[in-house]
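Participant: Structure: query.txt, compact mmCIF, C-alpha atoms.
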# COMPACT_ATOMS: atom_id res chain seq x y z
CA ALA A 1 -117.83 -166.34 15.69
CA GLN A 2 -120.90 -164.42 14.62
CA ASN A 3 -120.73 -162.56 11.31
CA ARG A 4 -121.62 -158.94 12.04
CA PHE A 5 -122.02 -157.97 8.40
CA SER A 6 -124.13 -159.81 5.89
CA LEU A 7 -124.55 -159.93 2.15
CA PRO A 8 -128.07 -158.73 1.36
CA PRO A 9 -129.99 -160.95 -1.05
CA LEU A 10 -130.06 -159.88 -4.66
CA PRO A 11 -133.41 -158.14 -5.32
CA TYR A 12 -134.02 -160.38 -8.34
CA ALA A 13 -132.75 -163.61 -9.96
CA LYS A 14 -129.18 -163.70 -11.30
CA ASN A 15 -130.40 -163.75 -14.88
CA ALA A 16 -133.09 -161.11 -14.35
CA LEU A 17 -131.04 -158.31 -15.91
CA GLU A 18 -130.08 -160.25 -19.04
CA LYS A 19 -132.68 -158.60 -21.22
CA GLY A 20 -131.00 -155.32 -20.31
CA GLY A 21 -127.51 -156.54 -21.18
CA ILE A 22 -126.15 -157.60 -17.79
CA SER A 23 -125.61 -161.35 -17.95
CA SER A 24 -126.04 -163.85 -15.16
CA GLU A 25 -122.30 -164.51 -15.45
CA THR A 26 -121.59 -160.87 -14.64
CA VAL A 27 -123.98 -161.03 -11.70
CA GLU A 28 -122.35 -164.25 -10.48
CA TYR A 29 -118.97 -162.55 -10.40
CA HIS A 30 -120.03 -159.07 -9.44
CA TYR A 31 -122.43 -160.10 -6.68
CA GLY A 32 -121.12 -163.58 -5.88
CA LYS A 33 -117.39 -162.76 -5.82
CA HIS A 34 -116.80 -159.01 -5.55
CA HIS A 35 -119.73 -157.96 -3.36
CA ALA A 36 -119.67 -161.18 -1.34
CA GLY A 37 -115.89 -160.88 -1.03
CA TYR A 38 -116.13 -157.46 0.60
CA VAL A 39 -118.59 -158.85 3.14
CA ARG A 40 -116.36 -161.82 3.87
CA LYS A 41 -113.29 -159.61 4.30
CA LEU A 42 -115.03 -157.12 6.57
CA ASN A 43 -116.25 -159.95 8.78
CA ALA A 44 -112.74 -161.41 8.87
CA ALA A 45 -111.35 -157.99 9.84
CA ASP A 46 -114.06 -157.71 12.47
CA GLN A 47 -113.22 -161.10 13.93
CA ALA A 48 -109.56 -160.05 14.01
CA GLY A 49 -110.58 -157.05 16.13
CA LYS A 50 -109.91 -154.48 13.41
CA VAL A 51 -113.42 -153.05 13.15
CA ARG A 52 -114.98 -150.68 15.69
CA LYS A 53 -117.53 -152.46 17.85
CA ASN A 54 -121.15 -151.36 17.55
CA ALA A 55 -120.42 -149.50 14.33
CA SER A 56 -122.90 -150.04 11.53
CA LEU A 57 -121.88 -150.05 7.89
CA THR A 58 -123.00 -146.43 7.60
CA ASP A 59 -121.10 -145.46 10.76
CA LEU A 60 -117.94 -146.93 9.27
CA ILE A 61 -118.48 -145.12 5.98
CA LEU A 62 -118.93 -141.80 7.76
CA THR A 63 -116.09 -142.08 10.23
CA GLU A 64 -113.32 -144.36 8.98
CA LYS A 65 -110.35 -142.74 7.29
CA GLU A 66 -111.04 -142.41 3.59
CA ASN A 67 -109.23 -145.01 1.47
CA SER A 68 -108.40 -147.04 4.57
CA ALA A 69 -108.92 -150.78 4.30
CA ILE A 70 -111.97 -150.76 6.58
CA PHE A 71 -113.53 -147.77 4.81
CA ASN A 72 -113.06 -149.44 1.44
CA LEU A 73 -114.68 -152.66 2.58
CA ALA A 74 -117.64 -151.00 4.30
CA ALA A 75 -118.27 -148.54 1.47
CA GLN A 76 -117.99 -151.20 -1.20
CA ILE A 77 -120.55 -153.37 0.57
CA TYR A 78 -122.93 -150.42 0.82
CA ASN A 79 -122.24 -149.22 -2.73
CA HIS A 80 -122.87 -152.60 -4.29
CA THR A 81 -126.10 -153.13 -2.38
CA PHE A 82 -127.20 -149.71 -3.59
CA TYR A 83 -126.19 -150.59 -7.14
CA TRP A 84 -128.27 -153.79 -7.29
CA GLU A 85 -131.22 -151.85 -5.91
CA SER A 86 -130.71 -149.14 -8.56
CA MET A 87 -131.68 -151.66 -11.21
CA ALA A 88 -134.73 -153.79 -11.92
CA PRO A 89 -135.59 -156.33 -14.62
CA ALA A 90 -138.48 -154.23 -15.81
CA SER A 91 -138.76 -150.50 -15.45
CA ASP A 92 -141.40 -148.01 -16.43
CA GLY A 93 -139.01 -145.15 -16.91
CA CYS A 94 -138.68 -141.94 -15.00
CA THR A 95 -141.95 -140.83 -13.37
CA GLY A 96 -143.37 -139.00 -10.40
CA LYS A 97 -141.68 -136.49 -8.14
CA ILE A 98 -138.15 -137.55 -9.08
CA CYS A 99 -138.95 -136.92 -12.72
CA GLN A 100 -140.38 -133.49 -11.92
CA ALA A 101 -137.30 -132.67 -9.84
CA LEU A 102 -134.94 -133.79 -12.60
CA GLN A 103 -136.85 -131.71 -15.14
CA SER A 104 -136.80 -128.74 -12.85
CA GLN A 105 -133.10 -129.00 -12.01
CA PHE A 106 -131.62 -130.24 -15.26
CA GLY A 107 -134.07 -128.82 -17.78
CA SER A 108 -135.33 -132.23 -18.80
CA CYS A 109 -134.94 -135.89 -17.87
CA GLN A 110 -133.01 -136.35 -21.12
CA GLU A 111 -130.56 -133.62 -20.14
CA PHE A 112 -130.08 -135.25 -16.75
CA MET A 113 -129.51 -138.61 -18.47
CA LYS A 114 -126.99 -137.02 -20.83
CA GLN A 115 -124.99 -135.55 -17.95
CA PHE A 116 -125.19 -138.72 -15.88
CA LYS A 117 -124.01 -140.82 -18.80
CA GLN A 118 -121.22 -138.39 -19.57
CA ARG A 119 -119.92 -138.48 -15.98
CA ALA A 120 -120.09 -142.25 -16.02
CA GLY A 121 -118.38 -142.39 -19.41
CA THR A 122 -115.54 -140.06 -18.57
CA HIS A 123 -114.64 -141.22 -15.07
CA PHE A 124 -111.02 -142.33 -15.33
CA GLY A 125 -110.21 -145.51 -13.44
CA SER A 126 -112.39 -147.42 -10.99
CA GLY A 127 -115.23 -145.61 -9.32
CA TRP A 128 -118.88 -144.74 -8.95
CA VAL A 129 -121.23 -142.09 -10.23
CA TRP A 130 -124.04 -141.03 -7.90
CA LEU A 131 -127.24 -139.04 -8.12
CA SER A 132 -127.99 -137.59 -4.69
CA LEU A 133 -130.03 -135.01 -2.91
CA ASN A 134 -127.99 -132.32 -1.19
CA GLN A 135 -128.80 -130.40 1.98
CA GLN A 136 -130.56 -127.73 -0.11
CA LEU A 137 -132.82 -130.42 -1.57
CA LYS A 138 -131.16 -130.17 -4.98
CA LEU A 139 -130.32 -133.22 -7.05
CA VAL A 140 -126.61 -133.42 -7.80
CA ILE A 141 -124.45 -135.80 -9.80
CA THR A 142 -121.15 -136.65 -8.15
CA ASP A 143 -118.49 -139.14 -9.07
CA GLY A 144 -115.48 -140.46 -7.29
CA HIS A 145 -112.84 -143.09 -7.17
CA ASP A 146 -112.80 -146.63 -5.95
CA ALA A 147 -115.14 -146.91 -2.95
CA CYS A 148 -116.36 -143.33 -3.15
CA ASN A 149 -119.58 -142.79 -1.21
CA PRO A 150 -121.53 -139.50 -1.09
CA LEU A 151 -122.80 -139.89 2.49
CA ARG A 152 -119.51 -138.39 3.66
CA ASP A 153 -120.38 -135.16 1.85
CA GLY A 154 -123.76 -134.91 3.58
CA LEU A 155 -125.55 -136.08 0.45
CA VAL A 156 -128.44 -138.52 0.37
CA PRO A 157 -127.96 -140.84 -2.61
CA VAL A 158 -130.86 -142.03 -4.74
CA LEU A 159 -129.09 -143.79 -7.65
CA CYS A 160 -125.64 -145.08 -8.50
CA ILE A 161 -123.73 -146.79 -11.26
CA ASP A 162 -120.58 -148.84 -10.76
CA VAL A 163 -117.90 -148.00 -13.33
CA TRP A 164 -115.22 -150.40 -12.10
CA GLU A 165 -114.28 -152.50 -15.11
CA HIS A 166 -115.58 -155.66 -13.45
CA ALA A 167 -119.09 -154.23 -13.86
CA TYR A 168 -118.89 -154.46 -17.65
CA TYR A 169 -115.87 -156.39 -18.84
CA VAL A 170 -117.61 -159.76 -19.09
CA ASP A 171 -120.48 -158.44 -21.21
CA GLN A 172 -119.15 -155.41 -23.05
CA ARG A 173 -115.38 -155.76 -22.67
CA ASN A 174 -113.95 -152.22 -22.95
CA ASP A 175 -117.18 -150.65 -24.25
CA ARG A 176 -118.19 -148.78 -21.11
CA ALA A 177 -120.58 -146.59 -23.07
CA ALA A 178 -122.63 -149.62 -24.15
CA TYR A 179 -122.75 -150.78 -20.54
CA ILE A 180 -123.91 -147.35 -19.38
CA ASP A 181 -126.73 -147.42 -21.95
CA ASN A 182 -127.73 -150.86 -20.66
CA PHE A 183 -127.64 -149.67 -17.09
CA VAL A 184 -129.84 -146.67 -17.92
CA SER A 185 -132.43 -148.97 -19.51
CA LEU A 186 -132.49 -150.99 -16.27
CA ILE A 187 -132.82 -148.14 -13.77
CA ASN A 188 -135.35 -148.99 -11.09
CA TRP A 189 -137.18 -145.66 -11.15
CA GLU A 190 -139.73 -146.77 -8.56
CA ARG A 191 -136.93 -147.34 -6.09
CA VAL A 192 -135.23 -144.09 -7.07
CA GLU A 193 -138.55 -142.26 -6.55
CA GLN A 194 -138.94 -143.92 -3.14
CA ARG A 195 -135.43 -142.93 -2.10
CA TYR A 196 -136.00 -139.42 -3.40
CA ASN A 197 -139.22 -138.97 -1.42
CA ASP A 198 -137.61 -140.39 1.74
CA ALA A 199 -134.62 -138.12 1.28
CA VAL A 200 -136.81 -135.04 0.83
CA SER A 201 -138.75 -135.83 4.03
CA LYS A 202 -135.58 -136.51 5.97
CA LEU A 203 -133.79 -133.37 4.76
CA ARG A 204 -136.88 -131.17 5.23
CA SER A 205 -137.13 -132.31 8.82
CA ASN A 206 -133.50 -131.21 9.33
CA LEU A 207 -134.09 -127.71 7.99
CA PHE B 208 -101.25 -136.62 -18.38
CA ASN B 209 -103.54 -139.66 -18.18
CA LEU B 210 -103.33 -140.27 -21.90
CA ALA B 211 -99.57 -139.76 -22.14
CA ALA B 212 -98.79 -141.84 -19.05
CA GLN B 213 -101.11 -144.65 -20.10
CA ILE B 214 -99.46 -144.87 -23.52
CA TRP B 215 -96.05 -145.02 -21.87
CA ASN B 216 -97.15 -147.43 -19.15
CA HIS B 217 -98.74 -149.88 -21.56
CA THR B 218 -95.72 -149.90 -23.88
CA PHE B 219 -93.57 -150.61 -20.83
CA TYR B 220 -95.96 -153.37 -19.74
CA TRP B 221 -95.80 -155.25 -23.05
CA GLN B 222 -92.02 -154.98 -22.95
CA SER B 223 -92.00 -156.34 -19.39
CA MET B 224 -93.24 -159.68 -20.70
CA SER B 225 -92.05 -162.26 -23.18
CA PRO B 226 -93.32 -165.65 -24.38
CA ASP B 227 -89.89 -166.98 -23.31
CA GLY B 228 -89.92 -165.11 -20.03
CA GLY B 229 -90.17 -166.25 -16.44
CA ALA B 230 -86.77 -167.47 -15.33
CA CYS B 231 -84.46 -164.94 -13.69
CA ASP B 232 -80.96 -166.21 -14.31
CA ASP B 233 -78.51 -166.11 -11.36
CA ALA B 234 -75.93 -164.50 -13.63
CA LEU B 235 -78.08 -161.38 -14.06
CA LYS B 236 -76.86 -158.25 -12.27
CA VAL B 237 -80.44 -157.26 -11.49
CA LYS B 238 -80.93 -160.54 -9.66
CA ALA B 239 -77.90 -159.83 -7.48
CA GLN B 240 -79.27 -156.37 -6.73
CA LEU B 241 -82.71 -157.79 -5.90
CA LYS B 242 -81.12 -160.21 -3.46
CA SER B 243 -79.22 -157.36 -1.91
CA ASP B 244 -82.17 -154.98 -1.64
CA PHE B 245 -84.90 -157.45 -0.65
CA GLY B 246 -82.96 -160.06 1.31
CA SER B 247 -83.57 -162.75 -1.30
CA PHE B 248 -85.05 -163.08 -4.75
CA ASP B 249 -88.03 -164.95 -3.30
CA LYS B 250 -88.68 -162.09 -0.88
CA PHE B 251 -88.69 -159.66 -3.78
CA VAL B 252 -91.17 -161.87 -5.65
CA GLU B 253 -93.40 -162.13 -2.59
CA GLU B 254 -93.39 -158.39 -2.00
CA PHE B 255 -94.03 -157.56 -5.63
CA LYS B 256 -96.94 -160.01 -5.80
CA THR B 257 -98.37 -158.76 -2.50
CA ARG B 258 -98.27 -155.13 -3.60
CA ALA B 259 -99.91 -156.08 -6.88
CA ALA B 260 -102.63 -158.07 -5.14
CA LYS B 261 -103.38 -155.46 -2.50
CA HIS B 262 -103.59 -152.41 -4.72
CA PHE B 263 -107.20 -151.25 -4.41
CA GLY B 264 -108.74 -150.05 -7.65
CA SER B 265 -107.01 -149.44 -10.98
CA GLY B 266 -103.28 -148.92 -11.03
CA TRP B 267 -99.75 -150.07 -11.65
CA ILE B 268 -96.95 -151.65 -9.62
CA TRP B 269 -93.41 -150.71 -10.60
CA LEU B 270 -89.92 -151.96 -9.86
CA SER B 271 -87.51 -149.07 -10.31
CA VAL B 272 -83.96 -147.98 -9.66
CA ASN B 273 -83.81 -144.99 -7.33
CA ALA B 274 -81.23 -142.21 -7.02
CA GLU B 275 -79.15 -144.36 -4.64
CA LYS B 276 -79.08 -147.14 -7.26
CA LYS B 277 -81.33 -149.28 -5.05
CA LEU B 278 -84.31 -151.23 -6.33
CA VAL B 279 -87.67 -150.12 -4.98
CA ILE B 280 -91.25 -151.24 -5.51
CA THR B 281 -93.84 -148.48 -5.80
CA ASP B 282 -97.50 -148.63 -6.67
CA GLY B 283 -100.05 -146.02 -7.60
CA HIS B 284 -103.41 -145.33 -9.05
CA ASP B 285 -104.74 -145.12 -12.56
CA ALA B 286 -102.03 -143.76 -14.86
CA PHE B 287 -99.41 -143.63 -12.13
CA ASN B 288 -95.86 -143.41 -13.47
CA PRO B 289 -92.71 -143.40 -11.28
CA ILE B 290 -90.53 -141.16 -13.45
CA LYS B 291 -92.31 -138.22 -11.78
CA ASP B 292 -90.70 -139.40 -8.53
CA GLY B 293 -87.22 -139.39 -10.05
CA LEU B 294 -87.18 -143.17 -10.35
CA THR B 295 -86.01 -145.21 -13.32
CA PRO B 296 -88.48 -148.04 -13.84
CA ILE B 297 -87.33 -151.44 -15.02
CA LEU B 298 -90.50 -153.58 -14.68
CA THR B 299 -94.24 -152.99 -14.37
CA ILE B 300 -97.50 -154.85 -13.93
CA ASP B 301 -100.89 -153.41 -14.88
CA VAL B 302 -103.54 -154.15 -12.24
CA TRP B 303 -106.45 -152.40 -13.93
CA GLU B 304 -109.18 -155.05 -14.14
CA HIS B 305 -109.07 -154.99 -17.95
CA ALA B 306 -105.66 -156.66 -17.71
CA TYR B 307 -107.15 -159.84 -16.25
CA TYR B 308 -110.92 -159.85 -16.42
CA VAL B 309 -111.10 -161.66 -19.77
CA ASP B 310 -108.78 -164.49 -18.72
CA GLN B 311 -109.05 -164.78 -14.95
CA ARG B 312 -112.20 -162.78 -14.18
CA ASN B 313 -111.91 -161.53 -10.57
CA ASP B 314 -108.91 -163.74 -9.75
CA ARG B 315 -106.19 -161.11 -9.72
CA GLY B 316 -103.93 -163.48 -7.79
CA ALA B 317 -103.98 -165.99 -10.65
CA TYR B 318 -103.19 -163.23 -13.16
CA ILE B 319 -100.26 -162.01 -11.07
CA ALA B 320 -98.85 -165.55 -10.97
CA VAL B 321 -99.19 -165.77 -14.75
CA PHE B 322 -97.48 -162.39 -15.16
CA MET B 323 -94.55 -163.47 -12.99
CA SER B 324 -94.07 -166.51 -15.25
CA LEU B 325 -93.87 -164.21 -18.28
CA ILE B 326 -91.45 -161.55 -17.00
CA ASN B 327 -88.89 -160.66 -19.64
CA TRP B 328 -85.87 -160.70 -17.35
CA SER B 329 -83.36 -159.96 -20.10
CA LYS B 330 -85.25 -156.74 -20.84
CA VAL B 331 -85.39 -155.96 -17.13
CA GLU B 332 -81.61 -156.57 -16.95
CA GLU B 333 -81.07 -154.25 -19.93
CA ARG B 334 -83.09 -151.51 -18.28
CA TYR B 335 -81.33 -152.06 -14.95
CA ASN B 336 -77.87 -151.80 -16.50
CA ALA B 337 -78.86 -148.67 -18.39
CA ALA B 338 -80.24 -147.15 -15.18
CA VAL B 339 -77.14 -147.77 -13.09
Before we go any further, please render this structure as structure tokens.

Facilitator:
Amino acid sequence: AQNRFSLPPLPYAKNALEKGGISSETVEYHYGKHHAGYVRKLNAADQAGKVRKNASLTDLILTEKENSAIFNLAAQIYNHTFYWESMAPASDGCTGKICQALQSQFGSCQEFMKQFKQRAGTHFGSGWVWLSLNQQLKLVITDGHDACNPLRDGLVPVLCIDVWEHAYYVDQRNDRAAYIDNFVSLINWERVEQRYNDAVSKLRSNL
Amino acid sequence: FNLAAQIWNHTFYWQSMSPDGGACDDALKVKAQLKSDFGSFDKFVEEFKTRAAKHFGSGWIWLSVNAEKKLVITDGHDAFNPIKDGLTPILTIDVWEHAYYVDQRNDRGAYIAVFMSLINWSKVEERYNAAV
């Protein structure tokens, strides 16, 4: 049977994030077992007739019952793809329109970073922290449990960090704060900028 | 709540295991009750392991005595604790990833199997007898 859902390729080599503190071993497990596992399970569910026909990943995220098995699988596939794309081996730091927007809405990029890191640091249990654009074109930080995905709240995400323990336990053990610092140093600001600009266009055309 | 429950839960977790653990003696009253409430001891083991494996995200699986003196398995998120539900817990397994990521990485199933082989059944029996 045809696999409806696929695991997107990693945007870089498995060891590409090592300089930033995310080892190839972490990537092997996180991408190769967790992310790949969600894809495998959603395809298995699909082949068992448990997934709505003609529904894309995003459709499933928007319409499946929250915390249901299918929602969790679909959202986790999406979330992890987004996560890998939120990082890059080499980054120039926050620039362009996204930087201006962060300055304008948070006071400074540093203040934004402080809040983002704090949300990521204090989230209790497994989950995700997102930076998204809302319908009023404002950048907002949201966080949520497990397979939480901001599309359901009408937000357009531009950046996320995974705070499930599997994201950092190999490299930093319990030191989530160290992991968050590493993640921040790896943020793919070009991609974030791109997503931001796309989101602004899309949302403006809705207004 | 999170802090208090997590202290309690973890203490309970360490006490749920023993280096000499694993075997549930037929003479134990809790074993008889498990057979009665789950159909067989093996069915209890299967259900407990399945609940532990399927729990999505961080959490805990508990075996408790309920108000009717029956044994029930419950599971919940994060710092979940069954005493809020009027249950008297006798056994728990931690399924937060930190419980197994060092030793088994993503293989929660392998960790659950290891946990089952370490269960401190005499402590479980003690708790069961106190509860009933």

Participant: Enumerate, as a CSV table (one decimal) with C-alpha atoms, keeping the file's coordinate frame, the protein, DNA and RNA residues whose atoms approach (-117.7, -147.6, -5.7) to within 12 Å, taking into account all atoms listed in the file and the coordinate frame of the file.

Facilitator:
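Writing done, so here's selection37.csv:
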chain,number,residue,atom,x,y,z
A,34,HIS,CA,-116.8,-159.0,-5.6
A,35,HIS,CA,-119.7,-158.0,-3.4
A,38,TYR,CA,-116.1,-157.5,0.6
A,61,ILE,CA,-118.5,-145.1,6.0
A,67,ASN,CA,-109.2,-145.0,1.5
A,71,PHE,CA,-113.5,-147.8,4.8
A,72,ASN,CA,-113.1,-149.4,1.4
A,73,LEU,CA,-114.7,-152.7,2.6
A,74,ALA,CA,-117.6,-151.0,4.3
A,75,ALA,CA,-118.3,-148.5,1.5
A,76,GLN,CA,-118.0,-151.2,-1.2
A,77,ILE,CA,-120.6,-153.4,0.6
A,78,TYR,CA,-122.9,-150.4,0.8
A,79,ASN,CA,-122.2,-149.2,-2.7
A,80,HIS,CA,-122.9,-152.6,-4.3
A,81,THR,CA,-126.1,-153.1,-2.4
A,82,PHE,CA,-127.2,-149.7,-3.6
A,83,TYR,CA,-126.2,-150.6,-7.1
A,120,ALA,CA,-120.1,-142.2,-16.0
A,123,HIS,CA,-114.6,-141.2,-15.1
A,125,GLY,CA,-110.2,-145.5,-13.4
A,126,SER,CA,-112.4,-147.4,-11.0
A,127,GLY,CA,-115.2,-145.6,-9.3
A,128,TRP,CA,-118.9,-144.7,-9.0
A,129,VAL,CA,-121.2,-142.1,-10.2
A,130,TRP,CA,-124.0,-141.0,-7.9
A,142,THR,CA,-121.2,-136.6,-8.2
A,143,ASP,CA,-118.5,-139.1,-9.1
A,144,GLY,CA,-115.5,-140.5,-7.3
A,145,HIS,CA,-112.8,-143.1,-7.2
A,146,ASP,CA,-112.8,-146.6,-6.0
A,147,ALA,CA,-115.1,-146.9,-3.0
A,148,CYS,CA,-116.4,-143.3,-3.2
A,149,ASN,CA,-119.6,-142.8,-1.2
A,150,PRO,CA,-121.5,-139.5,-1.1
A,160,CYS,CA,-125.6,-145.1,-8.5
A,161,ILE,CA,-123.7,-146.8,-11.3
A,162,ASP,CA,-120.6,-148.8,-10.8
A,163,VAL,CA,-117.9,-148.0,-13.3
A,164,TRP,CA,-115.2,-150.4,-12.1
A,165,GLU,CA,-114.3,-152.5,-15.1
A,166,HIS,CA,-115.6,-155.7,-13.4
A,167,ALA,CA,-119.1,-154.2,-13.9
B,263,PHE,CA,-107.2,-151.2,-4.4
B,264,GLY,CA,-108.7,-150.0,-7.6

Participant: Hey, can you check how far atom CA of Phe287 of chain B sits from atom CA of Asp310 of chain B?

Facilitator: 23.8 Å

Participant: Which is closest to chain B among A:Ser68, A:Asn15, A:Asn188, A:Thr58, if we use all atoms listed in the file?

Facilitator: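 Result for the nearest residue to chain B: A:Ser68.
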
Participant: Using all atoms listed in the file, can you tell me which of B:His284, B:Lys261, B:His217, B:Lys236 comes closest to Phe124 of chain A?

Facilitator: B:His284

Participant: One decimal, in Å: what's the spacing between atom CA of Val156 of chain A and atom CA of Glu190 of chain A?

Facilitator: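 It comes out at 16.6 Å.
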
Participant: Which residue is closest to Asp171 of chain A? Choose from B:Leu278, B:Cys231, B:Met224, B:Arg312 and count all atoms listed in the file.

Facilitator: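 Of the candidates, the smallest distance to Asp171 of chain A is held by B:Arg312.
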
Participant: Could the residues of chain B that have an atom at most 9 Å from chain A be listed as a tab-separated table, each with its closest atom pair and the distance in Å to one decimal, counting all atoms listed in the file and ordered by chain and ascending residue number?

Facilitator:
residue	atom	partner	partner_atom	distance
B:Asn209	CA	A:Phe124	CA	8.4
B:Phe263	CA	A:Asp146	CA	7.4
B:Gly264	CA	A:Asp146	CA	5.6
B:Ser265	CA	A:Gly125	CA	5.6
B:Gly266	CA	A:Gly125	CA	8.1
B:His284	CA	A:Gly125	CA	8.1
B:Asp285	CA	A:Gly125	CA	5.6
B:Ala286	CA	A:Gly125	CA	8.5
B:Trp303	CA	A:Gly125	CA	7.9
B:Glu304	CA	A:Glu165	CA	5.8
B:His305	CA	A:Glu165	CA	6.4
B:Tyr308	CA	A:Tyr169	CA	6.5
B:Val309	CA	A:Val170	CA	6.8
B:Arg312	CA	A:Tyr29	CA	7.8
B:Asn313	CA	A:Tyr29	CA	7.1

Participant: Write to file, as a compact mmCIF listing (two decimals), in the frame of the given file, the residues of the selection just made, with C-alpha atoms.

Facilitator:
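Contents of again39.txt, as written:
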# COMPACT_ATOMS: atom_id res chain seq x y z
CA ASN B 209 -103.54 -139.66 -18.18
CA PHE B 263 -107.20 -151.25 -4.41
CA GLY B 264 -108.74 -150.05 -7.65
CA SER B 265 -107.01 -149.44 -10.98
CA GLY B 266 -103.28 -148.92 -11.03
CA HIS B 284 -103.41 -145.33 -9.05
CA ASP B 285 -104.74 -145.12 -12.56
CA ALA B 286 -102.03 -143.76 -14.86
CA TRP B 303 -106.45 -152.40 -13.93
CA GLU B 304 -109.18 -155.05 -14.14
CA HIS B 305 -109.07 -154.99 -17.95
CA TYR B 308 -110.92 -159.85 -16.42
CA VAL B 309 -111.10 -161.66 -19.77
CA ARG B 312 -112.20 -162.78 -14.18
CA ASN B 313 -111.91 -161.53 -10.57

Participant: Given only C-alpha atoms as the basis, pick out the residue of A:Ala178, A:Ile70, A:Leu203, A:Ala45 nearest to Gly20 of chain A.

Facilitator: A:Ala178

Participant: Which distance in Å separates atom CA of Leu131 of chain A and atom CA of Phe116 of chain A, to one decimal?

Facilitator: 8.0 Å

Participant: Which neighbours of Arg334 of chain B fall inside 9 Å, counting only C-alpha atoms, when residues of the same chain fewer than 4 positions from it are skipped, and could you give them as a list of chain:residue names?

Facilitator: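 Result of the neighbour search: B:Thr295, B:Pro296, B:Ile297, B:Leu298, B:Ser329, B:Lys330, B:Ala338, B:Val339.
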
Participant: Which residue, B:Glu332, B:Asp282, B:Glu254, B:Asp314, has the smallest gap to Ile268 of chain B when you use only C-alpha atoms?

Facilitator: B:Asp282

Participant: Which of these, B:Phe251, B:Tyr220, B:Asn288, B:Leu294, has the shortest distance to Ser271 of chain B once you count all atoms listed in the file?

Facilitator: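 Smallest distance to Ser271 of chain B is found for B:Leu294.
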
Participant: Is there a way to get, as a list of chain:residue names, all residues within 12 Å of the point (-131.1, -152.5, -22.3) in file coordinates, counting all atoms listed in the file?

Facilitator: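 In the file's frame, the residues around the point are A:Ala16, A:Leu17, A:Glu18, A:Lys19, A:Gly20, A:Gly21, A:Ile22, A:Ser23, A:Met87, A:Ala88, A:Pro89, A:Ala90, A:Ser91, A:Ala178, A:Tyr179, A:Ile180, A:Asp181, A:Asn182, A:Phe183, A:Val184, A:Ser185, A:Leu186, A:Ile187.
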
Participant: Once you have the residues from the selection above, write them out as a compact mmCIF listing (two decimals), in the frame of the given file, restricted to C-alpha atoms.

Facilitator:
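Output below, filename part35.txt:
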# COMPACT_ATOMS: atom_id res chain seq x y z
CA ALA A 16 -133.09 -161.11 -14.35
CA LEU A 17 -131.04 -158.31 -15.91
CA GLU A 18 -130.08 -160.25 -19.04
CA LYS A 19 -132.68 -158.60 -21.22
CA GLY A 20 -131.00 -155.32 -20.31
CA GLY A 21 -127.51 -156.54 -21.18
CA ILE A 22 -126.15 -157.60 -17.79
CA SER A 23 -125.61 -161.35 -17.95
CA MET A 87 -131.68 -151.66 -11.21
CA ALA A 88 -134.73 -153.79 -11.92
CA PRO A 89 -135.59 -156.33 -14.62
CA ALA A 90 -138.48 -154.23 -15.81
CA SER A 91 -138.76 -150.50 -15.45
CA ALA A 178 -122.63 -149.62 -24.15
CA TYR A 179 -122.75 -150.78 -20.54
CA ILE A 180 -123.91 -147.35 -19.38
CA ASP A 181 -126.73 -147.42 -21.95
CA ASN A 182 -127.73 -150.86 -20.66
CA PHE A 183 -127.64 -149.67 -17.09
CA VAL A 184 -129.84 -146.67 -17.92
CA SER A 185 -132.43 -148.97 -19.51
CA LEU A 186 -132.49 -150.99 -16.27
CA ILE A 187 -132.82 -148.14 -13.77

Participant: Find the residues near Ile326 of chain B: any atom within 6 Å, counting all atoms listed in the file, skip ones fewer than 3 places away on the same chain, and give them as a PyMOL selection string.

Facilitator: chain B and resi 223-224+228-229+323

Participant: The centre and edge lengths of an axis-aligned box containing all atoms of segment 102-114 of chain A present in the file, extended by 8 Å on each side, are to be given in Å to one decimal, as lines of an AutoDock Vina configuration file.

Facilitator:
center_x = -131.9
center_y = -133.7
center_z = -16.6
size_x = 25.9
size_y = 25.9
size_z = 25.1
